[in-house]
Each structure stands twice: as structure tokens, then as C-alpha cells.
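Trainee: Got upload_12.cif for you, mmCIF, C-alpha atoms and all ligand atoms:
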data_structure
loop_
_atom_site.label_atom_id
_atom_site.label_comp_id
_atom_site.auth_asym_id
_atom_site.auth_seq_id
_atom_site.Cartn_x
_atom_site.Cartn_y
_atom_site.Cartn_z
CA MET A 1262 18.44 -75.47 -133.92
CA ALA A 1263 15.67 -73.98 -131.87
CA VAL A 1264 15.41 -74.42 -128.12
CA SER A 1265 13.60 -77.67 -127.42
CA ILE A 1266 10.46 -77.90 -125.29
CA LYS A 1267 10.40 -81.18 -123.42
CA THR A 1268 7.34 -83.41 -123.27
CA GLU A 1269 5.99 -84.68 -119.94
CA ARG A 1270 7.69 -88.03 -120.58
CA GLU A 1271 11.03 -86.36 -121.25
CA ILE A 1272 10.66 -84.16 -118.17
CA GLN A 1273 10.11 -87.24 -116.02
CA LEU A 1274 13.32 -88.80 -117.34
CA MET A 1275 15.20 -85.58 -116.65
CA ARG A 1276 13.80 -85.58 -113.11
CA ASP A 1277 15.09 -89.12 -112.65
CA ALA A 1278 18.50 -88.17 -114.05
CA GLY A 1279 18.62 -85.09 -111.82
CA LYS A 1280 17.80 -86.99 -108.64
CA ILE A 1281 20.52 -89.52 -109.37
CA LEU A 1282 23.02 -86.74 -109.97
CA ALA A 1283 21.99 -84.92 -106.78
CA GLU A 1284 22.58 -88.14 -104.86
CA VAL A 1285 25.99 -88.61 -106.49
CA HIS A 1286 26.97 -85.10 -105.38
CA GLU A 1287 25.83 -85.78 -101.81
CA GLN A 1288 27.93 -88.92 -101.68
CA LEU A 1289 30.97 -87.22 -103.19
CA GLU A 1290 30.76 -84.43 -100.63
CA GLU A 1291 31.37 -86.99 -97.90
CA LEU A 1292 34.70 -87.94 -99.48
CA ILE A 1293 36.07 -84.43 -99.34
CA GLU A 1294 38.84 -84.33 -96.75
CA PRO A 1295 42.55 -83.56 -96.66
CA GLY A 1296 44.61 -86.29 -98.33
CA ILE A 1297 42.15 -87.55 -100.94
CA THR A 1298 43.28 -87.16 -104.57
CA SER A 1299 41.19 -85.74 -107.36
CA LEU A 1300 41.50 -89.09 -109.14
CA ASP A 1301 39.99 -90.88 -106.10
CA ILE A 1302 37.01 -88.53 -106.36
CA ASP A 1303 36.63 -89.22 -110.08
CA LYS A 1304 36.81 -93.01 -109.62
CA LYS A 1305 34.19 -92.97 -106.88
CA GLY A 1306 32.00 -90.62 -108.92
CA GLU A 1307 32.14 -92.84 -111.99
CA GLU A 1308 31.27 -95.88 -109.87
CA LEU A 1309 28.29 -94.12 -108.27
CA ILE A 1310 27.02 -92.94 -111.66
CA ARG A 1311 27.33 -96.36 -113.31
CA ASN A 1312 25.85 -98.19 -110.32
CA ALA A 1313 22.79 -95.96 -110.62
CA GLY A 1314 22.30 -97.14 -114.21
CA CYS A 1315 23.67 -93.97 -115.80
CA ILE A 1316 26.49 -93.05 -118.17
CA PRO A 1317 28.94 -90.32 -117.09
CA SER A 1318 28.35 -87.72 -119.80
CA PHE A 1319 31.72 -86.00 -119.44
CA LYS A 1320 33.81 -89.09 -120.07
CA GLY A 1321 35.09 -88.87 -123.62
CA TYR A 1322 33.20 -85.63 -124.30
CA GLU A 1323 35.43 -83.77 -126.78
CA GLY A 1324 38.17 -86.01 -125.45
CA TYR A 1325 37.75 -85.13 -121.76
CA PRO A 1326 39.36 -88.09 -119.93
CA ALA A 1327 37.27 -88.36 -116.74
CA SER A 1328 33.74 -88.47 -115.29
CA ILE A 1329 34.06 -85.66 -112.76
CA CYS A 1330 35.72 -82.27 -113.26
CA VAL A 1331 37.69 -81.52 -110.10
CA SER A 1332 38.87 -77.90 -109.92
CA ILE A 1333 40.95 -76.81 -106.94
CA ASN A 1334 41.45 -73.23 -105.63
CA ASP A 1335 42.37 -70.98 -108.60
CA GLU A 1336 41.10 -73.62 -111.04
CA VAL A 1337 37.74 -72.35 -112.28
CA VAL A 1338 36.33 -75.42 -114.08
CA HIS A 1339 37.32 -78.52 -116.09
CA GLY A 1340 40.18 -79.60 -113.81
CA ILE A 1341 41.37 -83.06 -114.83
CA PRO A 1342 41.52 -85.61 -111.99
CA ARG A 1343 45.09 -86.72 -111.19
CA SER A 1344 46.64 -89.17 -108.78
CA ASP A 1345 49.21 -86.52 -107.83
CA HIS A 1346 46.66 -83.84 -106.96
CA ARG A 1347 45.90 -84.27 -103.29
CA LEU A 1348 43.41 -82.04 -101.47
CA MET A 1349 44.87 -80.09 -98.56
CA GLU A 1350 43.30 -78.47 -95.52
CA GLY A 1351 42.13 -74.98 -96.49
CA ASP A 1352 41.61 -75.74 -100.20
CA ILE A 1353 38.32 -75.21 -101.94
CA VAL A 1354 37.28 -77.75 -104.57
CA SER A 1355 34.60 -77.62 -107.26
CA LEU A 1356 33.08 -80.88 -108.46
CA ASP A 1357 31.19 -80.83 -111.73
CA ALA A 1358 29.39 -83.94 -112.94
CA GLY A 1359 26.95 -85.00 -115.63
CA VAL A 1360 24.84 -88.13 -116.06
CA ILE A 1361 22.82 -89.64 -118.88
CA TYR A 1362 19.79 -91.69 -117.82
CA LYS A 1363 17.77 -93.45 -120.53
CA GLY A 1364 19.08 -90.91 -123.03
CA TYR A 1365 18.42 -87.81 -120.90
CA GLN A 1366 21.06 -85.63 -119.31
CA SER A 1367 21.56 -83.77 -116.08
CA ASP A 1368 24.49 -81.50 -115.21
CA ALA A 1369 25.36 -80.04 -111.79
CA ALA A 1370 28.31 -78.63 -109.85
CA ARG A 1371 29.08 -77.91 -106.21
CA THR A 1372 32.02 -76.24 -104.45
CA HIS A 1373 33.23 -77.55 -101.08
CA GLY A 1374 35.80 -76.52 -98.52
CA VAL A 1375 38.49 -79.03 -97.53
CA GLY A 1376 38.76 -79.27 -93.74
CA LYS A 1377 38.75 -75.84 -92.14
CA ILE A 1378 38.70 -73.01 -94.68
CA SER A 1379 38.95 -69.23 -94.30
CA GLU A 1380 35.88 -67.08 -93.78
CA GLU A 1381 36.62 -65.33 -97.05
CA ASP A 1382 36.59 -68.62 -98.94
CA GLN A 1383 33.38 -69.64 -97.20
CA ARG A 1384 31.87 -66.36 -98.38
CA LEU A 1385 33.01 -66.99 -101.98
CA ILE A 1386 31.35 -70.42 -101.99
CA ARG A 1387 28.18 -69.07 -100.39
CA VAL A 1388 27.83 -66.06 -102.70
CA THR A 1389 28.35 -68.29 -105.76
CA LYS A 1390 25.56 -70.62 -104.66
CA GLU A 1391 23.29 -67.71 -103.71
CA SER A 1392 23.85 -66.09 -107.12
CA PHE A 1393 22.34 -69.19 -108.75
CA PHE A 1394 19.24 -68.79 -106.58
CA LYS A 1395 19.05 -65.05 -107.30
CA GLY A 1396 19.22 -65.85 -111.01
CA ILE A 1397 16.50 -68.46 -111.02
CA GLU A 1398 14.06 -66.10 -109.32
CA PHE A 1399 13.69 -64.81 -112.89
CA ALA A 1400 13.54 -68.25 -114.51
CA ARG A 1401 9.89 -68.55 -115.43
CA ALA A 1402 7.77 -68.57 -118.57
CA GLY A 1403 7.36 -65.12 -120.13
CA ASN A 1404 10.58 -63.67 -118.75
CA HIS A 1405 13.66 -63.12 -120.89
CA LEU A 1406 16.71 -65.35 -120.64
CA TYR A 1407 19.07 -62.52 -119.78
CA ASP A 1408 16.91 -61.53 -116.81
CA ILE A 1409 18.52 -64.57 -115.19
CA SER A 1410 21.98 -63.53 -116.38
CA ALA A 1411 21.58 -59.97 -115.09
CA ALA A 1412 20.44 -61.10 -111.65
CA ILE A 1413 23.44 -63.42 -111.27
CA GLN A 1414 25.88 -60.74 -112.39
CA LYS A 1415 24.38 -58.10 -110.13
CA TYR A 1416 24.52 -60.25 -107.03
CA VAL A 1417 28.09 -61.41 -107.65
CA GLU A 1418 29.41 -57.92 -108.39
CA GLN A 1419 27.54 -56.39 -105.44
CA ASN A 1420 29.47 -58.78 -103.27
CA GLY A 1421 32.81 -57.62 -104.66
CA TYR A 1422 33.51 -60.66 -106.82
CA SER A 1423 33.63 -61.09 -110.58
CA ILE A 1424 31.66 -63.37 -112.85
CA VAL A 1425 33.50 -65.33 -115.53
CA ARG A 1426 32.31 -64.23 -118.98
CA ASP A 1427 34.07 -66.64 -121.30
CA LEU A 1428 32.03 -69.68 -120.24
CA THR A 1429 28.26 -70.01 -120.04
CA GLY A 1430 25.41 -72.21 -118.93
CA HIS A 1431 23.36 -73.98 -121.59
CA GLY A 1432 20.19 -75.74 -122.59
CA ILE A 1433 20.26 -79.48 -121.84
CA GLY A 1434 18.24 -82.56 -122.77
CA THR A 1435 19.27 -85.44 -124.99
CA GLU A 1436 22.51 -83.48 -125.45
CA MET A 1437 24.58 -81.99 -122.65
CA HIS A 1438 24.92 -78.72 -124.51
CA GLU A 1439 21.80 -77.55 -126.29
CA GLU A 1440 20.67 -74.07 -127.19
CA PRO A 1441 20.56 -71.50 -125.72
CA ALA A 1442 23.91 -70.45 -124.30
CA ILE A 1443 23.25 -68.81 -120.93
CA PRO A 1444 25.75 -66.10 -119.99
CA ASN A 1445 26.08 -65.20 -116.33
CA PHE A 1446 26.25 -61.51 -117.21
CA LYS A 1447 23.85 -59.37 -119.21
CA PRO A 1448 24.97 -58.76 -122.81
CA LEU A 1449 24.48 -55.07 -123.64
CA PHE A 1450 21.24 -54.05 -125.38
CA ARG A 1451 19.93 -57.62 -125.55
CA LYS A 1452 17.22 -59.46 -123.68
CA GLY A 1453 17.65 -63.03 -124.83
CA LEU A 1454 14.87 -65.36 -125.83
CA THR A 1455 11.50 -65.52 -124.08
CA LEU A 1456 11.40 -68.42 -121.65
CA GLN A 1457 8.74 -71.08 -122.14
CA ALA A 1458 7.47 -73.85 -119.91
CA GLY A 1459 9.19 -77.13 -120.74
CA MET A 1460 12.63 -75.66 -121.42
CA THR A 1461 15.39 -77.36 -119.44
CA LEU A 1462 18.46 -75.28 -118.66
CA ALA A 1463 21.78 -75.73 -116.85
CA ILE A 1464 22.50 -72.51 -114.96
CA GLU A 1465 26.09 -72.34 -113.75
CA PRO A 1466 27.72 -69.23 -112.29
CA MET A 1467 31.52 -69.36 -112.10
CA VAL A 1468 32.72 -66.71 -109.66
CA ASN A 1469 36.26 -65.42 -109.16
CA ALA A 1470 37.36 -63.82 -105.91
CA GLY A 1471 39.52 -61.40 -107.95
CA LYS A 1472 39.26 -60.40 -111.60
CA ARG A 1473 37.19 -62.24 -114.18
CA LYS A 1474 39.92 -63.07 -116.70
CA ILE A 1475 40.90 -66.69 -117.14
CA TRP A 1476 43.64 -68.79 -118.74
CA ILE A 1477 43.61 -72.33 -120.04
CA LEU A 1478 46.44 -74.65 -118.99
CA GLU A 1479 48.66 -76.69 -121.33
CA ASP A 1480 46.41 -79.73 -120.82
CA ASP A 1481 43.86 -77.80 -122.96
CA TRP A 1482 41.15 -78.30 -120.33
CA THR A 1483 41.90 -76.80 -116.96
CA ILE A 1484 40.67 -73.20 -116.71
CA ILE A 1485 42.39 -71.05 -114.07
CA THR A 1486 42.03 -67.45 -112.93
CA ARG A 1487 44.64 -65.16 -114.47
CA ASP A 1488 45.25 -63.34 -111.23
CA GLY A 1489 45.62 -66.53 -109.19
CA THR A 1490 42.64 -65.81 -106.93
CA LYS A 1491 40.26 -68.60 -105.99
CA SER A 1492 37.13 -69.45 -107.94
CA ALA A 1493 33.87 -71.23 -107.12
CA HIS A 1494 31.21 -72.91 -109.28
CA TYR A 1495 27.61 -73.87 -108.61
CA GLU A 1496 25.28 -75.45 -111.15
CA ASN A 1497 21.91 -77.13 -111.40
CA THR A 1498 19.68 -78.37 -114.19
CA ILE A 1499 16.28 -76.65 -113.95
CA LEU A 1500 12.88 -76.89 -115.63
CA ILE A 1501 11.06 -73.73 -116.69
CA THR A 1502 7.37 -73.66 -115.71
CA GLU A 1503 4.66 -71.00 -115.63
CA ASP A 1504 5.63 -70.56 -112.02
CA ALA A 1505 8.84 -70.96 -110.01
CA PRO A 1506 11.28 -73.29 -111.78
CA GLU A 1507 11.75 -76.87 -110.71
CA ILE A 1508 15.35 -77.60 -109.74
CA LEU A 1509 15.87 -81.07 -111.14
CA SER A 1510 19.35 -81.81 -109.77
CA LEU A 1511 18.58 -81.22 -106.08
CA LEU A 1512 17.14 -83.77 -103.65
N1 LIG A 1601 29.28 -78.41 -116.61
C1 LIG A 1601 30.25 -78.38 -117.69
C2 LIG A 1601 29.57 -77.79 -118.87
O1 LIG A 1601 28.43 -77.55 -118.80
C3 LIG A 1601 30.84 -79.69 -117.92
C4 LIG A 1601 31.54 -79.98 -119.20
S1 LIG A 1601 33.02 -80.71 -118.87
C5 LIG A 1601 33.36 -81.78 -120.10
O2 LIG A 1601 30.12 -77.47 -119.88
F1 LIG A 1601 34.32 -82.43 -119.72
F2 LIG A 1601 32.38 -82.57 -120.29
F3 LIG A 1601 33.56 -81.11 -121.20
CO CO A 1602 27.05 -77.32 -117.52
#
Is it possible to give me this structure as C-alpha cells?
Mentor:
Amino acid sequence: MAVSIKTEREIQLMRDAGKILAEVHEQLEELIEPGITSLDIDKKGEELIRNAGCIPSFKGYEGYPASICVSINDEVVHGIPRSDHRLMEGDIVSLDAGVIYKGYQSDAARTHGVGKISEEDQRLIRVTKESFFKGIEFARAGNHLYDISAAIQKYVEQNGYSIVRDLTGHGIGTEMHEEPAIPNFKPLFRKGLTLQAGMTLAIEPMVNAGKRKIWILEDDWTIITRDGTKSAHYENTILITEDAPEILSLL
């Protein structure tokens, strides 16, 4: 399957989906405080998504049981919401969510601090977010896909952190995961495809404070850092244009 180029009609639907998702994330951020459980966050997220006329794309995806991935501290991504996982002061928590609006998908993630967090954890969250913006400086028609990857990797590593290599970003549209896979590091001797206007991509750096290696827990979903250091995630769905990209999942 080739990478799809969206029509103007499809792009408008993806804009609508992205705005709804951005709004969901803003509302979820307000819930983040010591004492709330990851299941509370998931329930509220599902309600917000459905009330906006969308379907939560994660729910039931390959058997994933929830609408929001809630990943705490050394959990990198795909944490499963649980009533016995309560956020504590000083934790960091990544929320990843996806919506389907009139058949079109948007996917975005944010990492938040819980109460007062350390300066080092604030820096991890900030560098992860900034690496996304460094990457998308290269996201425009005519550039190569791995220009984005290389810029993300460079920024993260310059800051003394490591980028997870076993998971990638992805094309997105009527499916959550479309071609191409988008690594957050530059594969050796390769450039990746040439970007074209109308491509819609989910760019999602996952950054570990320590080493890049990960494990998967017994639940077959939750990804954690092998060395137990904290990890942050930041993701948006973007549209490639001839010019600077349009970030669809931001308000
Ligand atoms: N943002 C993640 C991704 O792009 C979300 C998938 S979680 C799942 O792969 F539960 F839906 F699998
Ligand atoms: Co994604």
C-alpha cells in the first residue's frame, strides 16, 4: 500500500477530528492531580470523545481495553488504565488518545507532571515536546521522511536523553496506522520517501531519561524502560504542505 494523499474534503475531516482531540487533551490535563486513578482518566476521556460525536480509536484496537493510554513514570507508552493505579505527587504521566470522526482519525499524546515535579522531569517533558517541533521543521513537501527522524534524534541525544527505537510514528487517515512508519531516529544510509503535500502523519517521539531499551510487561501492552528511568511522549497528527506543516491536533 502506497502512502495516501488526502483530498481537500478528507483534510477538512481530519482537521475536525484533530480539533476535537486537542480539546479532549486540554480537558484531560485539568484532571491531572495527585489521587486520580488512570481508570478515572480513561473514563472521562471516553466520555469526552463520545460526547463530541467521535469513536475512541484505541478501544478494542488489537484487543486494547481502553480509550486512553495512561503511562506513568518509567512506562513509555500503552499503559492500561487501572482503578488501582493512582497518580502521586511528583509522577509524570503520558496520555495518548485517538479519535475517529466521520471515518477519519487523529492521534495525539501529551506528558504532564502530577503536582510539583523535579526540574529534571520538567526538562524531560520539555525536551520531548521540543523534539517534535524540531522534527517538523523538516516536514514539508520535497524533503525526505528521515529528515524529520534525524532532527528528532539529534535534539534528544544532544540533550543527554535517548530516543526509543522499537516504536515509531505512522501515516494516519481512515486507519490509525497507515504507511509510512516514521522512526524517531535516522536509519543508516537511508533517506525515506519524499514528502508530498496532502500526506497526514502522526509524529511521536518517545524519550527515555536513561537508555533507550524497553521491555513489555506481562499484560502484553505496557512498555517500560529497561533501566527504570522515566520516559515522556509527545505526539500530534500533522498535514504536509508545500510550506510549514499544519498541526491538526492542536488548538
Ligand atoms: N499513539 C499510539 C500509536 O500510534 C496509540 C496506539 S495504542 C492502541 O500506536 F491501544 F491503540 F494500540
Ligand atoms: Co500514534
Trainee: Each residue of chain A lying at most 6 Å from ligand CO 1602 (chain A) should get a row with its shortest atom-to-atom pair and the distance in Å to one decimal, counting all atoms listed in the file; could you produce that, ordered by chain and increasing number, as CSV?
Mentor:
residue,atom,partner,partner_atom,distance
A:Asp1368,CA,A:CO1602,CO,5.4
A:Gly1430,CA,A:CO1602,CO,5.5
A:Ala1463,CA,A:CO1602,CO,5.5
Trainee: With a cut-off of 9 Å, could you pull out the residues of chain A touching ligand LIG 1601 (chain A) and give me the nearest pair of atoms for each, distance in Å to one decimal, using all atoms listed in the file, ordered by chain and ascending number, as JSON lines?
Mentor:
{"residue": "A:Ser1318", "atom": "CA", "partner": "A:LIG1601", "partner_atom": "F2", "distance": 6.6}
{"residue": "A:Phe1319", "atom": "CA", "partner": "A:LIG1601", "partner_atom": "F2", "distance": 3.6}
{"residue": "A:Lys1320", "atom": "CA", "partner": "A:LIG1601", "partner_atom": "F2", "distance": 6.7}
{"residue": "A:Gly1321", "atom": "CA", "partner": "A:LIG1601", "partner_atom": "F1", "distance": 7.6}
{"residue": "A:Tyr1322", "atom": "CA", "partner": "A:LIG1601", "partner_atom": "F2", "distance": 5.1}
{"residue": "A:Glu1323", "atom": "CA", "partner": "A:LIG1601", "partner_atom": "F3", "distance": 6.5}
{"residue": "A:Gly1324", "atom": "CA", "partner": "A:LIG1601", "partner_atom": "F1", "distance": 7.8}
{"residue": "A:Tyr1325", "atom": "CA", "partner": "A:LIG1601", "partner_atom": "F1", "distance": 4.8}
{"residue": "A:Pro1326", "atom": "CA", "partner": "A:LIG1601", "partner_atom": "F1", "distance": 7.6}
{"residue": "A:Ala1327", "atom": "CA", "partner": "A:LIG1601", "partner_atom": "F1", "distance": 7.3}
{"residue": "A:Ser1328", "atom": "CA", "partner": "A:LIG1601", "partner_atom": "F1", "distance": 7.5}
{"residue": "A:Ile1329", "atom": "CA", "partner": "A:LIG1601", "partner_atom": "F1", "distance": 7.7}
{"residue": "A:Cys1330", "atom": "CA", "partner": "A:LIG1601", "partner_atom": "S1", "distance": 6.4}
{"residue": "A:Val1338", "atom": "CA", "partner": "A:LIG1601", "partner_atom": "C1", "distance": 7.7}
{"residue": "A:His1339", "atom": "CA", "partner": "A:LIG1601", "partner_atom": "S1", "distance": 5.6}
{"residue": "A:Gly1340", "atom": "CA", "partner": "A:LIG1601", "partner_atom": "F1", "distance": 8.8}
{"residue": "A:Ile1341", "atom": "CA", "partner": "A:LIG1601", "partner_atom": "F1", "distance": 8.6}
{"residue": "A:Asp1357", "atom": "CA", "partner": "A:LIG1601", "partner_atom": "N1", "distance": 5.8}
{"residue": "A:Ala1358", "atom": "CA", "partner": "A:LIG1601", "partner_atom": "N1", "distance": 6.6}
{"residue": "A:Gly1359", "atom": "CA", "partner": "A:LIG1601", "partner_atom": "C3", "distance": 7.0}
{"residue": "A:Asp1368", "atom": "CA", "partner": "A:LIG1601", "partner_atom": "N1", "distance": 5.9}
{"residue": "A:Ala1369", "atom": "CA", "partner": "A:LIG1601", "partner_atom": "N1", "distance": 6.4}
{"residue": "A:Ala1370", "atom": "CA", "partner": "A:LIG1601", "partner_atom": "N1", "distance": 6.8}
{"residue": "A:Leu1428", "atom": "CA", "partner": "A:LIG1601", "partner_atom": "O2", "distance": 8.0}
{"residue": "A:Thr1429", "atom": "CA", "partner": "A:LIG1601", "partner_atom": "O1", "distance": 7.6}
{"residue": "A:Gly1430", "atom": "CA", "partner": "A:LIG1601", "partner_atom": "O1", "distance": 6.1}
{"residue": "A:His1431", "atom": "CA", "partner": "A:LIG1601", "partner_atom": "O1", "distance": 6.8}
{"residue": "A:Ile1433", "atom": "CA", "partner": "A:LIG1601", "partner_atom": "O1", "distance": 8.9}
{"residue": "A:Met1437", "atom": "CA", "partner": "A:LIG1601", "partner_atom": "O1", "distance": 7.0}
{"residue": "A:His1438", "atom": "CA", "partner": "A:LIG1601", "partner_atom": "O1", "distance": 6.8}
{"residue": "A:Ala1463", "atom": "CA", "partner": "A:LIG1601", "partner_atom": "O1", "distance": 7.2}
{"residue": "A:Ile1464", "atom": "CA", "partner": "A:LIG1601", "partner_atom": "O1", "distance": 8.7}
{"residue": "A:Glu1465", "atom": "CA", "partner": "A:LIG1601", "partner_atom": "N1", "distance": 7.4}
{"residue": "A:Trp1482", "atom": "CA", "partner": "A:LIG1601", "partner_atom": "F1", "distance": 8.0}
{"residue": "A:Glu1496", "atom": "CA", "partner": "A:LIG1601", "partner_atom": "N1", "distance": 7.4}
Trainee: Residues at most 7 Å from A:Ile1475, counting only C-alpha atoms, excluding those fewer than 6 positions away in the same chain, as a PyMOL selection string?
Mentor: chain A and resi 1484-1487
Trainee: Can you write out the residues you just picked, keeping C-alpha atoms, as a short mmCIF file (atom, residue, chain, number, x, y, z; two decimals), in the frame of the given file?
Mentor:
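The result, stored in part-v8.cif:
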data_model
loop_
_atom_site.label_atom_id
_atom_site.label_comp_id
_atom_site.auth_asym_id
_atom_site.auth_seq_id
_atom_site.Cartn_x
_atom_site.Cartn_y
_atom_site.Cartn_z
CA ILE A 1484 40.67 -73.20 -116.71
CA ILE A 1485 42.39 -71.05 -114.07
CA THR A 1486 42.03 -67.45 -112.93
CA ARG A 1487 44.64 -65.16 -114.47
#
Trainee: Of the candidates A:Val1468, A:Ala1442, A:Ile1477, A:Ile1361, which shows the shortest atom-to-atom distance to A:Val1425, using only C-alpha atoms?
Mentor: A:Val1468
Trainee: Between A:Lys1415, A:Lys1280, A:Arg1401, A:His1346, which one has atoms that come closest to A:Leu1462, using only C-alpha atoms?
Mentor: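 Using only C-alpha atoms, A:Leu1462 sits closest to A:Arg1401.
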Trainee: Given the point (27.8, -69.4, -106.1) in the coordinates of this file, which residues lie within 9 Å, counting all atoms listed in the file, and how would they look as a list in words?
Mentor: Arg1371, Thr1372, Leu1385, Ile1386, Arg1387, Val1388, Thr1389, Lys1390, Glu1391, Ser1392, Phe1393, Phe1394, Val1417, Glu1465, Pro1466, Met1467, Val1468, Ala1493, His1494, Tyr1495 and Glu1496 of chain A
Trainee: Kindly indicate which residue among A:Arg1451, A:Lys1474, A:Tyr1407, A:Tyr1365 lies nearest to A:Gln1273, using only C-alpha atoms for the distances.
Mentor: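 Closest to A:Gln1273, using only C-alpha atoms: A:Tyr1365.
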Trainee: Using only C-alpha atoms, collect all residues at a distance of at most 12 Å from (19.3, -64.2, -123.4) as written in the file, then present them as an MDAnalysis selection string.
Mentor: chainID A and resid 1264 1399:1400 1404:1411 1429:1432 1440:1456
Trainee: List the spatial neighbours of A:Gly1351 as a list in words - criterion: any atom at most 12 Å away, all atoms listed in the file, same-chain residues fewer than 5 positions off excluded.
Mentor: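 Residues near the query, excluding close chain neighbours: Ile1293, Glu1294, Pro1295, Gly1296, Ile1333, Asn1334, His1373, Gly1374, Val1375, Gly1376, Lys1377, Ile1378, Ser1379, Glu1380, Glu1381, Asp1382, Gln1383 and Lys1491 of chain A.
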Trainee: For atom CA of A:Met1460 and atom CA of A:Lys1363, determine how far apart the two atoms are, in Å to one decimal place.
Mentor: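 Spanning atom CA of A:Met1460 to atom CA of A:Lys1363 is a straight-line distance of 18.5 Å.
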Trainee: A:Ser1492, A:Ala1458, A:Leu1509, A:Val1354: which is nearest A:Glu1290, counting only C-alpha atoms?
Mentor: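 Looking at the shortest contact to A:Glu1290, the residue is A:Val1354.
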Trainee: Which of these residues is nearest to A:Leu1292, using all atoms listed in the file: A:Leu1274, A:Leu1356, A:Thr1268, A:Gly1279?
Mentor: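 Looking only at the distances to A:Leu1292, the closest residue turns out to be A:Leu1356.
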Trainee: I'd like to know which of A:Ile1499, A:Ile1266, A:Cys1315, A:Leu1300 is closest to A:Ile1397, using all atoms listed in the file.
Mentor: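 Smallest distance to A:Ile1397 is found for A:Ile1499.
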Trainee: Just need the box for stretch 1438-1446 of chain A, edges along x, y and z, holding every atom the file lists for it with 4 Å tacked onto each side, so centre and edge lengths in Å to one decimal, as JSON.
Mentor:
{"center_x": 23.4, "center_y": -70.1, "center_z": -121.8, "size_x": 13.7, "size_y": 25.2, "size_z": 18.9}
Trainee: Which value, in Å to one decimal, gives the distance between atom CA of A:Thr1461 and atom CA of A:Ile1501?
Mentor: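 Distance reported for this atom pair: 6.3 Å.
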